[in-house]
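Undergrad: input20.csv (CSV, C-alpha atoms) pasted underneath:
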```csv
chain,number,residue,atom,x,y,z
A,14,MET,CA,161.4,373.5,316.9
A,15,ASP,CA,164.9,372.6,316.2
A,16,ILE,CA,163.9,369.0,316.1
A,17,LEU,CA,161.6,369.6,313.1
A,18,ASN,CA,164.3,371.3,311.1
A,19,ASN,CA,167.0,368.8,311.9
A,20,GLN,CA,168.2,366.6,309.1
A,21,PHE,CA,168.6,363.0,310.1
A,22,LYS,CA,171.7,361.2,308.8
A,23,ARG,CA,170.8,358.1,306.8
A,24,GLU,CA,173.4,355.4,307.7
A,25,ASN,CA,173.4,351.9,306.4
A,26,MET,CA,170.5,352.6,304.0
A,27,SER,CA,170.9,352.4,300.3
A,28,ASP,CA,169.3,354.9,298.0
A,29,LYS,CA,169.2,352.3,295.3
A,30,LYS,CA,165.7,351.6,293.9
A,31,PRO,CA,164.9,348.2,292.5
A,32,ASN,CA,165.0,348.0,288.7
A,33,LYS,CA,162.5,346.4,286.4
A,34,THR,CA,164.4,343.2,286.1
A,35,GLN,CA,164.5,342.7,289.9
A,36,ILE,CA,160.7,343.4,290.1
A,37,LEU,CA,160.1,340.9,287.3
A,38,TYR,CA,162.2,338.2,289.1
A,39,LEU,CA,160.3,338.8,292.3
A,40,ALA,CA,157.0,338.5,290.5
A,41,ILE,CA,158.0,335.3,288.8
A,42,ALA,CA,159.3,333.8,292.1
A,43,GLY,CA,156.0,334.7,293.8
A,44,ALA,CA,154.0,333.2,291.1
A,45,GLY,CA,156.2,330.0,291.2
A,46,VAL,CA,155.6,329.7,295.0
A,47,ILE,CA,151.8,330.0,294.5
A,48,ILE,CA,151.8,327.4,291.7
A,49,LEU,CA,153.9,325.1,293.8
A,50,VAL,CA,151.5,325.4,296.8
A,51,LEU,CA,148.5,324.8,294.6
A,52,LEU,CA,150.2,321.8,292.9
A,53,VAL,CA,151.0,320.2,296.3
A,54,LEU,CA,147.4,320.8,297.5
A,55,LEU,CA,146.0,319.3,294.3
A,56,LEU,CA,148.2,316.2,294.4
A,57,THR,CA,147.6,315.5,298.1
A,58,GLY,CA,143.9,316.0,297.8
A,59,GLY,CA,143.8,319.3,299.7
A,60,PHE,CA,140.9,320.5,297.6
A,61,SER,CA,138.8,317.4,298.1
A,62,ASN,CA,135.4,318.3,299.3
A,63,GLY,CA,133.9,314.8,299.1
A,64,ASN,CA,131.9,315.5,296.0
A,65,THR,CA,132.9,312.8,293.5
A,66,GLY,CA,130.4,313.7,290.8
A,67,ALA,CA,128.5,310.5,291.3
A,68,THR,CA,124.8,311.3,291.7
A,69,ALA,CA,123.3,307.8,291.9
A,70,GLN,CA,122.6,306.3,295.2
A,71,GLU,CA,124.4,303.0,295.8
A,72,THR,CA,121.8,300.3,295.8
A,73,GLY,CA,123.6,297.3,294.4
A,74,THR,CA,123.4,294.0,296.1
A,75,THR,CA,126.6,292.3,297.2
A,76,ALA,CA,127.2,288.6,297.2
A,77,LYS,CA,128.8,287.0,300.2
A,78,PRO,CA,132.5,287.0,299.3
A,79,THR,CA,135.0,284.1,299.9
A,80,ALA,CA,138.6,284.8,300.7
A,81,SER,CA,141.2,283.8,298.2
A,82,SER,CA,144.7,284.8,297.4
A,83,PHE,CA,145.7,286.6,294.3
A,84,SER,CA,149.4,286.5,293.7
A,85,SER,CA,151.4,289.0,291.7
A,86,SER,CA,155.1,289.3,291.2
A,87,SER,CA,155.0,292.9,292.5
A,88,THR,CA,153.4,292.0,295.9
A,89,LYS,CA,156.5,290.6,297.5
A,90,LYS,CA,156.9,293.4,300.0
A,91,TYR,CA,153.2,293.4,301.0
A,92,VAL,CA,151.4,290.5,302.7
A,93,GLU,CA,147.9,289.6,302.0
A,94,GLY,CA,145.9,289.6,305.3
A,95,LYS,CA,148.2,292.1,306.9
A,96,ASP,CA,148.6,294.9,304.3
A,97,TYR,CA,145.6,294.1,302.0
A,98,SER,CA,142.8,291.7,301.5
A,99,ILE,CA,141.3,290.2,298.3
A,100,LYS,CA,137.9,288.6,298.2
A,101,TYR,CA,136.5,286.8,295.2
A,102,SER,CA,132.8,286.3,295.0
A,103,ASN,CA,132.5,285.3,291.4
A,104,ALA,CA,131.4,281.7,291.8
A,105,GLY,CA,128.5,281.1,289.5
A,106,VAL,CA,128.6,284.6,288.1
A,107,VAL,CA,131.7,285.0,286.0
A,108,ASP,CA,134.7,282.8,285.2
A,109,LYS,CA,137.8,283.6,287.3
A,110,THR,CA,140.0,283.7,284.2
A,111,LYS,CA,137.8,286.4,282.7
A,112,LEU,CA,137.9,288.3,285.9
A,113,ASP,CA,141.7,288.0,286.2
A,114,LYS,CA,142.1,289.1,282.6
A,115,ALA,CA,140.1,292.2,283.4
A,116,ILE,CA,142.1,292.9,286.5
A,117,LYS,CA,145.3,292.6,284.5
A,118,GLY,CA,143.8,294.6,281.6
A,119,MET,CA,143.0,297.4,284.1
A,120,SER,CA,146.6,297.2,285.4
A,121,MET,CA,145.2,296.5,288.8
A,122,ASP,CA,147.3,293.4,289.4
A,123,ASP,CA,150.2,295.5,290.8
A,124,ILE,CA,149.1,295.6,294.5
A,125,SER,CA,152.1,297.7,295.6
A,126,SER,CA,150.8,300.6,293.4
A,127,PHE,CA,147.7,300.8,295.6
A,128,ILE,CA,149.5,300.6,298.9
A,129,ASP,CA,152.5,302.8,298.3
A,130,THR,CA,151.6,306.2,299.5
A,131,LYS,CA,153.6,307.9,296.8
A,132,THR,CA,151.4,306.4,294.0
A,133,SER,CA,148.2,305.3,295.6
A,134,SER,CA,146.2,308.5,296.1
A,135,ASP,CA,144.9,307.0,299.4
A,136,ILE,CA,143.0,304.1,297.8
A,137,ALA,CA,141.0,302.2,300.4
A,138,LYS,CA,139.0,299.8,298.3
A,139,ILE,CA,138.4,298.6,294.8
A,140,GLU,CA,135.3,296.7,293.7
A,141,PHE,CA,134.7,294.9,290.4
A,142,ILE,CA,131.0,294.5,289.6
A,143,TYR,CA,130.0,292.2,286.7
A,144,ASN,CA,127.3,293.2,284.3
A,145,SER,CA,126.5,289.9,282.4
A,146,SER,CA,124.1,291.5,279.9
A,147,GLN,CA,126.9,293.8,278.5
A,148,ASP,CA,129.8,291.4,279.4
A,149,THR,CA,131.5,294.3,281.2
A,150,PHE,CA,133.1,295.0,284.6
A,151,ILE,CA,132.3,298.2,286.4
A,152,ILE,CA,135.2,299.2,288.6
A,153,LYS,CA,134.6,301.4,291.6
A,154,THR,CA,137.6,303.0,293.4
A,155,TYR,CA,137.1,304.3,296.9
A,156,HIS,CA,139.5,306.6,298.7
A,157,VAL,CA,140.2,306.6,302.4
A,158,GLY,CA,137.3,308.2,304.3
A,159,ASN,CA,134.8,308.1,301.5
A,160,ASP,CA,131.7,305.8,301.5
A,161,LYS,CA,130.9,306.7,297.9
A,162,PRO,CA,133.3,305.8,295.0
A,163,ASN,CA,135.7,308.4,293.8
A,164,ALA,CA,136.0,306.9,290.4
A,165,ILE,CA,133.7,304.5,288.4
A,166,THR,CA,135.2,302.9,285.3
A,167,ARG,CA,133.9,300.4,282.7
A,168,TYR,CA,136.0,297.6,281.3
A,169,SER,CA,134.7,295.7,278.2
A,170,ASN,CA,135.6,292.0,278.0
A,171,LYS,CA,134.7,292.0,274.2
A,172,GLU,CA,137.2,294.9,273.5
A,173,ASN,CA,139.6,294.0,276.3
A,174,ALA,CA,139.9,297.7,277.1
A,175,VAL,CA,138.5,300.5,279.2
A,176,VAL,CA,135.4,302.0,277.6
A,177,GLN,CA,135.4,305.7,277.7
A,178,GLY,CA,132.4,307.7,278.8
A,179,GLN,CA,130.2,308.1,281.9
A,180,VAL,CA,129.0,305.0,283.6
A,181,SER,CA,125.3,304.9,284.2
A,182,PRO,CA,124.0,303.6,287.5
A,183,LYS,CA,121.8,301.2,285.6
A,184,GLU,CA,125.0,299.4,284.5
A,185,TYR,CA,125.9,298.5,288.1
A,186,ASP,CA,122.8,298.7,290.3
A,187,ASN,CA,121.6,295.3,291.4
A,188,GLN,CA,124.7,293.7,289.8
A,189,PRO,CA,127.0,291.4,291.9
A,190,VAL,CA,130.3,292.5,293.3
A,191,VAL,CA,132.7,289.7,292.1
A,192,TYR,CA,136.0,291.0,293.4
A,193,THR,CA,137.0,293.3,296.3
A,194,TRP,CA,140.5,294.6,297.1
A,195,THR,CA,140.8,296.3,300.5
A,196,ASN,CA,143.8,298.3,301.8
A,197,LEU,CA,144.3,297.3,305.4
A,198,THR,CA,147.2,299.7,306.0
A,199,LYS,CA,145.0,302.9,306.0
```
Have the structure of the file written as structure tokens, please.
TA:
Amino acid sequence: MDILNNQFKRENMSDKKPNKTQILYLAIAGAGVIILVLLVLLLTGGFSNGNTGATAQETGTTAKPTASSFSSSSTKKYVEGKDYSIKYSNAGVVDKTKLDKAIKGMSMDDISSFIDTKTSSDIAKIEFIYNSSQDTFIIKTYHVGNDKPNAITRYSNKENAVVQGQVSPKEYDNQPVVYTWTNLTK
């Protein structure tokens, strides 16, 4: 029973208890790490479950595209045919100058911003669909691995600007695709 009554000597152990400031710093550091992890997951698409919010079934018809080159001053480090492809299929549908104006107005003439992994968000394909009755372009952006668009945007030629609000499937169903950009590096 001598073992039970024996007092153990505490060596190399501090009797100092953490104060409130140290506990606060520890809590802030822990919260910072959690926020950093969530931010990284959000920016890299770690929370993507494939649901894009689009509920309409893709039923639009696509015209046969013809290959063409679209040059931009920012595409010097990327080569069409190797890094990306561009197909115009606007013949008889919409004037190419109107289409190029919409591409520039949407800031989609900077090819490198779609290919660079730091800025592209894994963009695989971009389609411009022309709605002649409204004189608008519907822009569908597809990310790598998705058959359905991740974003659908409306660009008005009358206003030369993006039109805010949800795009109805009636605006692009059975309308021709007049421009397709495809990322060949992913």
Undergrad: Please list as a list in words every residue within 8 Å of Thr154 of chain A, counting all atoms listed in the file and excluding residues in the same chain fewer than 2 positions away.
TA: Ile136, Ala137, Lys138, Ile139, Glu140, Ile152, His156, Pro162, Asn163, Ala164 and Ile165 of chain A
Undergrad: Could the residues in this selection be saved with C-alpha atoms as a compact mmCIF listing (two decimals), in the coordinates of the input?
TA:
```txt
# COMPACT_ATOMS: atom_id res chain seq x y z
CA ILE A 136 143.00 304.10 297.80
CA ALA A 137 141.00 302.20 300.40
CA LYS A 138 139.00 299.80 298.30
CA ILE A 139 138.40 298.60 294.80
CA GLU A 140 135.30 296.70 293.70
CA ILE A 152 135.20 299.20 288.60
CA HIS A 156 139.50 306.60 298.70
CA PRO A 162 133.30 305.80 295.00
CA ASN A 163 135.70 308.40 293.80
CA ALA A 164 136.00 306.90 290.40
CA ILE A 165 133.70 304.50 288.40
```
Undergrad: Please list as a PyMOL selection string every residue within 9 Å of Leu112 of chain A, counting only C-alpha atoms and excluding residues in the same chain fewer than 3 positions away.
TA: chain A and resi 103+107-109+115-117+141+143+150+191-192
Undergrad: Enter the distance from atom CA of Asn159 of chain A to atom CA of Ile47 of chain A, in Å, rounded to one decimal.
TA: 28.6 Å
Undergrad: Measure the distance from atom CA of Lys161 of chain A to atom CA of Val50 of chain A in Å and round it to one decimal.
TA: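 Spanning atom CA of Lys161 of chain A to atom CA of Val50 of chain A is a straight-line distance of 27.8 Å.
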Undergrad: Which residue out of A:Val157, A:Val190, A:Val92, A:Ala174 has the minimum interatomic distance to Ile142 of chain A when all atoms listed in the file are used?
TA: A:Val190
Undergrad: Hey, can I get the axis-aligned box for segment 100-116 of chain A? All listed atoms, 6 Å padding on each side, centre and edge lengths in Å to one decimal, as JSON.
TA:
```
{"center_x": 135.3, "center_y": 287.0, "center_z": 290.4, "size_x": 25.6, "size_y": 23.8, "size_z": 27.6}
```
Undergrad: Could you check how far atom CA of Ala44 of chain A sits from atom CA of Thr57 of chain A, in Å to one decimal?
TA: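 Computed distance, atom CA of Ala44 of chain A to atom CA of Thr57 of chain A, equals 20.1 Å.
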Undergrad: Counting all atoms listed in the file, which of A:Ala104, A:Ile36, A:Val176, A:Ile41 gets nearest to Met119 of chain A?
TA: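 Ranking A:Ala104, A:Ile36, A:Val176, A:Ile41 by distance to Met119 of chain A, first place goes to A:Val176.
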Undergrad: Quick one: residues within 10 Å of Val175 of chain A, all atoms listed in the file counted, chain neighbours fewer than 6 positions away excluded, as a ChimeraX atom specification?
TA: /A:115,118-119,149-151,166-169
